[in-house]
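Chemist: Structure supplied as final39.cif; contents: mmCIF, C-alpha atoms.
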data_structure
loop_
_atom_site.label_atom_id
_atom_site.label_comp_id
_atom_site.auth_asym_id
_atom_site.auth_seq_id
_atom_site.Cartn_x
_atom_site.Cartn_y
_atom_site.Cartn_z
CA MET A 1031 159.96 157.06 23.37
CA ALA A 1032 157.04 157.04 25.75
CA GLY A 1033 153.60 157.49 24.22
CA PRO A 1034 151.29 160.46 24.79
CA ILE A 1035 149.40 158.72 27.61
CA ALA A 1036 152.62 158.07 29.52
CA MET A 1037 153.69 161.68 29.02
CA LEU A 1038 150.33 162.89 30.34
CA LEU A 1039 150.63 160.67 33.42
CA ARG A 1040 154.11 162.00 34.12
CA LEU A 1041 152.86 165.59 33.80
CA LEU A 1042 150.00 164.90 36.21
CA ALA A 1043 152.46 163.29 38.64
CA THR A 1044 154.72 166.35 38.50
CA LEU A 1045 151.81 168.70 39.17
CA ALA A 1046 150.67 166.53 42.08
CA ALA A 1047 154.17 166.57 43.56
CA LEU A 1048 154.39 170.37 43.34
CA SER A 1049 150.97 170.74 44.98
CA PHE A 1050 151.96 168.37 47.80
CA ALA A 1051 155.14 170.31 48.53
CA ALA A 1052 153.49 173.72 48.43
CA ALA A 1053 150.24 173.05 50.29
CA PRO A 1054 149.77 172.47 54.03
CA ALA A 1055 148.71 168.98 55.07
CA ALA A 1056 145.10 169.99 55.65
CA ALA A 1057 144.79 171.21 52.06
CA GLN A 1058 146.60 168.38 50.29
CA GLN A 1059 143.37 166.51 49.68
CA ALA A 1060 141.17 169.51 48.94
CA SER A 1061 140.83 168.46 45.32
CA ALA A 1062 138.15 165.89 44.53
CA GLY A 1063 139.83 165.05 41.21
CA GLY A 1064 141.21 161.67 40.31
CA LEU A 1065 142.48 159.44 37.55
CA TYR A 1066 141.05 156.00 36.74
CA GLY A 1067 139.43 155.93 40.17
CA HIS A 1068 142.60 156.92 42.04
CA ILE A 1069 142.95 159.99 44.25
CA PRO A 1070 145.89 162.37 43.73
CA TYR A 1071 148.71 162.30 46.26
CA GLY A 1072 152.03 164.03 46.26
CA GLU A 1073 155.46 162.80 47.20
CA ALA A 1074 156.63 163.03 50.79
CA ASP A 1075 160.05 164.50 51.52
CA ALA A 1076 162.26 161.41 51.68
CA ALA A 1077 164.64 163.20 54.05
CA THR A 1078 161.94 163.27 56.73
CA LEU A 1079 161.19 159.53 56.60
CA VAL A 1080 162.67 156.83 58.82
CA ASP A 1081 163.50 153.18 58.36
CA ALA A 1082 160.99 150.57 59.51
CA PRO A 1083 162.05 148.26 62.37
CA ALA A 1084 164.99 145.99 61.57
CA GLY A 1085 164.07 142.78 59.77
CA PHE A 1086 160.68 144.07 58.59
CA ALA A 1087 161.63 145.10 55.05
CA GLN A 1088 161.48 142.36 52.45
CA GLY A 1089 163.67 142.73 49.38
CA GLN A 1090 163.93 146.51 49.42
CA ARG A 1091 164.34 149.33 51.91
CA CYS A 1092 161.19 150.26 53.83
CA ARG A 1093 160.87 153.91 54.82
CA VAL A 1094 157.83 155.35 56.58
CA GLN A 1095 156.61 158.51 58.24
CA PRO A 1096 158.17 158.82 61.72
CA ALA A 1097 154.76 159.38 63.33
CA MET A 1098 153.63 155.85 62.45
CA LEU A 1099 156.77 154.05 63.62
CA ALA A 1100 155.57 153.36 67.17
CA ASP A 1101 152.26 151.86 66.00
CA LEU A 1102 154.03 149.86 63.30
CA SER A 1103 156.48 148.46 65.87
CA ARG A 1104 153.62 147.42 68.14
CA LEU A 1105 151.77 145.88 65.21
CA ILE A 1106 154.79 143.79 64.20
CA ALA A 1107 155.38 142.60 67.76
CA ALA A 1108 151.73 141.67 68.29
CA ALA A 1109 151.57 139.82 64.96
CA ARG A 1110 154.69 137.86 65.90
CA THR A 1111 153.15 136.82 69.20
CA ALA A 1112 149.89 135.77 67.54
CA ASN A 1113 151.56 133.98 64.61
CA PRO A 1114 154.95 132.61 65.73
CA ARG A 1115 155.28 130.47 62.57
CA SER A 1116 154.93 133.34 60.10
CA GLU A 1117 156.66 136.73 60.24
CA LEU A 1118 154.91 139.92 59.12
CA ARG A 1119 157.01 141.70 56.49
CA GLY A 1120 156.93 144.95 54.52
CA LEU A 1121 156.93 144.27 50.77
CA SER A 1122 156.62 147.90 49.69
CA CYS A 1123 156.51 151.08 51.73
CA TYR A 1124 157.38 154.60 50.55
CA ARG A 1125 157.72 155.00 46.78
CA THR A 1126 158.84 158.08 44.91
CA ILE A 1127 156.74 159.25 41.99
CA GLY A 1128 159.55 158.14 39.70
CA HIS A 1129 159.41 154.65 41.19
CA GLN A 1130 155.64 154.57 40.80
CA ASP A 1131 156.00 155.68 37.19
CA ARG A 1132 158.24 152.69 36.48
CA VAL A 1133 155.88 150.33 38.27
CA PHE A 1134 152.88 151.64 36.37
CA CYS A 1135 154.20 152.49 32.93
CA GLU A 1136 156.96 149.99 32.33
CA ALA A 1137 155.24 146.81 33.46
CA GLY A 1138 153.82 146.02 30.03
CA GLN A 1139 155.58 144.93 26.86
CA PRO A 1140 159.02 146.47 26.19
CA GLY A 1141 158.70 149.69 24.24
CA ARG A 1142 154.95 149.96 24.89
CA PRO A 1143 154.60 151.61 28.30
CA CYS A 1144 151.11 152.38 29.56
CA VAL A 1145 149.56 150.49 26.66
CA ASP A 1146 146.28 150.12 28.59
CA PRO A 1147 146.46 152.55 31.54
CA ALA A 1148 142.80 152.18 32.51
CA ARG A 1149 143.16 148.45 32.98
CA ARG A 1150 146.57 148.80 34.61
CA ALA A 1151 145.06 151.26 37.10
CA GLU A 1152 142.74 148.56 38.41
CA SER A 1153 145.71 147.06 40.25
CA VAL A 1154 148.40 149.77 40.30
CA ALA A 1155 147.97 153.48 40.96
CA PRO A 1156 149.26 155.90 38.32
CA PRO A 1157 152.27 158.00 39.35
CA GLY A 1158 151.19 160.86 41.55
CA PHE A 1159 148.09 158.94 42.66
CA SER A 1160 149.58 156.31 44.95
CA GLU A 1161 149.20 156.22 48.73
CA HIS A 1162 152.74 154.89 48.86
CA GLY A 1163 154.02 158.33 47.88
CA THR A 1164 152.79 159.75 51.19
CA GLY A 1165 154.97 157.49 53.33
CA TYR A 1166 151.91 156.31 55.27
CA ALA A 1167 151.09 153.15 53.27
CA ILE A 1168 152.54 149.65 53.45
CA ASP A 1169 152.06 146.49 51.42
CA PHE A 1170 152.30 143.65 53.95
CA GLY A 1171 153.37 140.09 53.34
CA ALA A 1172 154.47 137.08 55.33
CA ARG A 1173 157.54 134.86 55.50
CA PRO A 1174 157.39 132.02 54.86
CA GLU A 1175 154.62 132.56 52.30
CA THR A 1176 152.83 129.32 53.28
CA GLY A 1177 151.43 128.67 49.81
CA CYS A 1178 150.20 132.20 49.04
CA PRO A 1179 152.31 134.39 46.72
CA ASP A 1180 152.94 138.04 47.55
CA LEU A 1181 150.32 140.64 46.61
CA ASP A 1182 147.59 138.09 46.04
CA PRO A 1183 144.04 138.15 47.47
CA CYS A 1184 144.75 134.77 49.05
CA PHE A 1185 146.74 136.74 51.65
CA ALA A 1186 143.40 137.39 53.38
CA SER A 1187 143.05 133.67 54.09
CA THR A 1188 146.52 133.22 55.60
CA ALA A 1189 147.05 133.33 59.36
CA VAL A 1190 148.86 136.67 59.15
CA GLY A 1191 146.29 138.12 56.75
CA ARG A 1192 143.38 137.09 58.93
CA TRP A 1193 145.10 138.56 61.97
CA LEU A 1194 145.64 141.88 60.19
CA LEU A 1195 142.00 142.10 59.12
CA ALA A 1196 140.92 141.55 62.72
CA ASN A 1197 143.53 143.63 64.52
CA ALA A 1198 145.35 146.18 62.32
CA PRO A 1199 142.78 148.96 62.97
CA PHE A 1200 143.62 148.82 66.67
CA TYR A 1201 147.15 149.89 65.74
CA GLY A 1202 146.03 152.77 63.55
CA PHE A 1203 145.96 150.98 60.18
CA GLU A 1204 142.97 150.67 57.85
CA LEU A 1205 142.41 148.76 54.62
CA SER A 1206 142.53 151.15 51.68
CA PHE A 1207 141.03 148.92 49.00
CA PRO A 1208 138.50 146.48 50.45
CA GLN A 1209 136.59 143.98 48.35
CA GLY A 1210 134.05 145.69 46.08
CA ASN A 1211 135.41 149.19 46.78
CA GLY A 1212 133.85 152.14 44.94
CA GLN A 1213 137.14 153.12 43.32
CA GLY A 1214 137.11 150.06 41.10
CA VAL A 1215 140.51 148.98 42.40
CA THR A 1216 141.13 145.28 42.88
CA TRP A 1217 140.76 143.95 46.42
CA GLU A 1218 144.10 144.39 48.17
CA PRO A 1219 144.08 142.77 51.63
CA TRP A 1220 147.82 143.47 51.83
CA HIS A 1221 147.65 147.28 51.38
CA TRP A 1222 147.10 149.33 54.55
CA ARG A 1223 147.39 153.02 55.33
CA TRP A 1224 148.18 154.50 58.73
CA VAL A 1225 145.89 157.18 60.18
CA GLY A 1226 146.58 156.67 63.89
CA VAL A 1227 144.35 155.15 66.53
CA SER A 1228 142.86 158.59 67.21
CA ALA A 1229 143.20 162.11 65.89
CA ALA A 1230 144.88 163.05 69.17
CA GLU A 1231 147.80 160.69 68.53
CA PRO A 1232 150.95 162.60 67.51
CA GLY A 1233 151.09 162.86 63.73
CA ALA A 1234 147.67 161.28 63.17
CA ARG A 1235 145.95 164.56 62.39
CA ALA A 1236 148.35 165.21 59.50
CA ALA A 1237 147.90 161.66 58.17
CA ARG A 1238 144.13 161.97 58.34
CA ALA A 1239 144.29 165.27 56.47
CA VAL A 1240 146.24 163.60 53.66
CA PHE A 1241 143.64 160.82 53.37
CA ALA A 1242 140.57 162.94 54.15
CA ASN A 1243 139.23 162.77 50.59
CA ALA A 1244 139.72 159.01 50.34
CA ARG A 1245 138.24 158.32 53.77
CA ARG A 1246 135.18 160.43 53.02
CA ARG A 1247 134.46 159.12 49.52
CA PHE A 1248 135.66 155.53 49.85
CA PRO A 1249 135.62 154.40 53.52
CA ALA A 1250 138.05 151.66 54.45
CA ARG A 1251 136.78 148.25 55.54
CA PRO A 1252 137.96 147.52 58.13
CA ARG A 1253 138.69 151.03 59.24
CA VAL A 1254 140.03 152.51 62.44
CA PRO A 1255 137.10 152.58 64.89
CA ALA A 1256 135.88 155.85 66.36
CA VAL A 1257 136.91 154.72 69.84
CA VAL A 1258 139.92 152.50 70.37
CA VAL A 1259 140.60 150.85 73.72
CA ARG A 1260 144.14 149.61 74.17
CA VAL A 1261 144.93 147.02 76.84
CA MET A 1262 148.36 148.08 78.03
CA SER A 1263 148.62 145.25 80.59
CA GLN A 1264 146.58 142.31 81.76
CA PRO A 1265 144.58 142.77 84.97
CA PRO A 1266 145.75 140.75 87.97
CA VAL A 1267 144.50 137.19 88.16
CA PRO A 1268 142.07 136.80 91.10
CA THR A 1269 143.26 134.59 93.93
CA ASP A 1270 141.20 131.70 95.30
CA SER A 1271 140.32 133.71 98.36
CA ALA A 1272 139.12 136.59 96.23
CA THR A 1273 136.91 134.43 94.06
CA ALA A 1274 135.53 132.14 96.77
CA ALA A 1275 131.89 132.52 97.76
CA PRO A 1276 131.38 134.54 100.94
CA ALA A 1277 130.99 132.47 104.07
CA THR A 1278 127.44 131.83 105.28
CA PRO A 1279 126.74 133.87 108.42
CA SER A 1280 126.29 131.87 111.59
CA PRO A 1281 122.70 131.60 112.73
#
Mind converting the file's structure to C-alpha cells?

Modeler:
Amino acid sequence: MAGPIAMLLRLLATLAALSFAAAPAAAQQASAGGLYGHIPYGEADAATLVDAPAGFAQGQRCRVQPAMLADLSRLIAAARTANPRSELRGLSCYRTIGHQDRVFCEAGQPGRPCVDPARRAESVAPPGFSEHGTGYAIDFGARPETGCPDLDPCFASTAVGRWLLANAPFYGFELSFPQGNGQGVTWEPWHWRWVGVSAAEPGARAARAVFANARRRFPARPRVPAVVVRVMSQPPVPTDSATAAPATPSP
C-alpha cells in the first residue's frame, strides 16, 4: 500500500487535473502555489493531441499539442540539416498524471514509493506538477547517442544539444530548467517547452498562458526572444556584374 506522502501527491494531482479541465487557459496558472519547487499543471485532453512527425518518437509514442506541430517539424528538419550524423529524437512528450505518478512514486525501492519525495523532485516533477502533462513539453535526445546517455547533462555538449541551445528558441522552444535555476531542479538541457515564436502565432497565446507563472517566476535560459526574425529563403547571390566596382568616368 502506498504511504501517506504518495497518497497526498495523488490527491494534489487529482485536484490539479480538475482545475485544468475546468479553468480557461488564461487562468490555469493563476495559482502561485507549488510543490518541492514545481509549479502545478493539469492534464491536457489526450483526444486533442496529435502524433509527432514520423520517426521522431524514441521508444514510446510521442503526442503533442497540434499548435506546436509545425514548429516542431521545422525544428527537426533544421536539426537534421545541421547535424546529418545525429538524428534529433523525442524521448518523452505528453504524459498523463497517472504516468507521471508511476515515474515519480515507483522509481525507488519496491514497496517503498516516494520514500524521499523532496529529493526525487529535484529531477522528476511530482504528478500534477509536470510540464509534460500540458502536451507542450518534450525531452529531446539524439540517435546515435555518441557517448552521452539519454537524459544526462552531457547532452548539452553533444552536437545536437549545442545546436538546440543555440537555435531552439527560434522555433518557439525554450529551456525550462537551465543550470542554476531558481526552482532547485537539476539542469535539464534536454527538456524544452513550446511557447511559439510570438504571441501572434496560432496557439501560442494559450501555451504562454499555461506557462505564464513559470515564465514570470523562473525565466528560461535560453528563452524565446522578444523579436524573432525567420529567414524563409536565402537572398539571391549577387552576380559579378552587380558586385563589380563602377567604371571610372572618362575625363

Chemist: What is the atom CA of Asn1243 of chain A-atom CA of Ser1160 of chain A distance in Å, reported with one decimal?

Modeler: 13.4 Å

Chemist: Which value, in Å to one decimal, gives the distance between atom CA of Val1094 of chain A and atom CA of Trp1222 of chain A?

Modeler: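 Interatomic distance here is 12.5 Å.
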
Chemist: Using Å and a single decimal, report how far atom CA of Pro1083 of chain A sits from atom CA of Glu1231 of chain A.

Modeler: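 It comes out at 19.9 Å.
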
Chemist: Could you check which of A:Ala1109, A:Phe1086, A:Ile1127, A:Ala1198 is closest to Glu1161 of chain A, using all atoms listed in the file?

Modeler: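 Of A:Ala1109, A:Phe1086, A:Ile1127, A:Ala1198, the one nearest Glu1161 of chain A, counting all atoms listed in the file, is A:Ile1127.
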
Chemist: Tell me which protein, DNA and RNA residues are within 12 Å of Gly1177 of chain A, counting all atoms listed in the file, leaving out same-chain ones fewer than 6 positions away, and put them as a ChimeraX atom specification.

Modeler: /A:1116,1184-1185,1187-1189

Chemist: Could you write those residues out with C-alpha atoms, as a PDB file, in the coordinates of the input?

Modeler:
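So selection-v9.pdb came out as:
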ATOM      1  CA  SER A1116     154.930 133.340  60.100  1.00  0.00           C
ATOM      2  CA  CYS A1184     144.750 134.770  49.050  1.00  0.00           C
ATOM      3  CA  PHE A1185     146.740 136.740  51.650  1.00  0.00           C
ATOM      4  CA  SER A1187     143.050 133.670  54.090  1.00  0.00           C
ATOM      5  CA  THR A1188     146.520 133.220  55.600  1.00  0.00           C
ATOM      6  CA  ALA A1189     147.050 133.330  59.360  1.00  0.00           C
TER       7      ALA A1189
END

Chemist: Pull out every residue that the PyMOL selection byres ((chain A and resi 1202) around 12) matches in the shown coordinates and put them as an MDAnalysis selection string.

Modeler: chainID A and resid 1097:1105 1166:1167 1194 1197:1201 1203:1205 1222:1235 1237:1238 1252:1260

Chemist: To verify the selection step, state as an NGL selection string which residues the PyMOL selection byres ((chain A and resi 1218) around 12) yields on this input.

Modeler: :A and (1152-1154 or 1168-1171 or 1180-1186 or 1191 or 1195 or 1204-1211 or 1214-1217 or 1219-1223 or 1250-1251)

Chemist: Excluding Phe1159 of chain A and residues on its chain fewer than 3 positions from it, collect all residues at most 6 Å away from it, counting all atoms listed in the file, and give them as a list in words.

Modeler: His1068, Ile1069, Pro1070, Tyr1071, Ala1155 and Pro1156 of chain A

Chemist: Let me make sure I understand: among A:Arg1119, A:Arg1125, A:Ala1196, A:Cys1135, which one has the smallest atom-to-atom distance to Ala1151 of chain A if we use only C-alpha atoms?

Modeler: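 Checking each of A:Arg1119, A:Arg1125, A:Ala1196, A:Cys1135 against Ala1151 of chain A, counting only C-alpha atoms, the winner is A:Cys1135.
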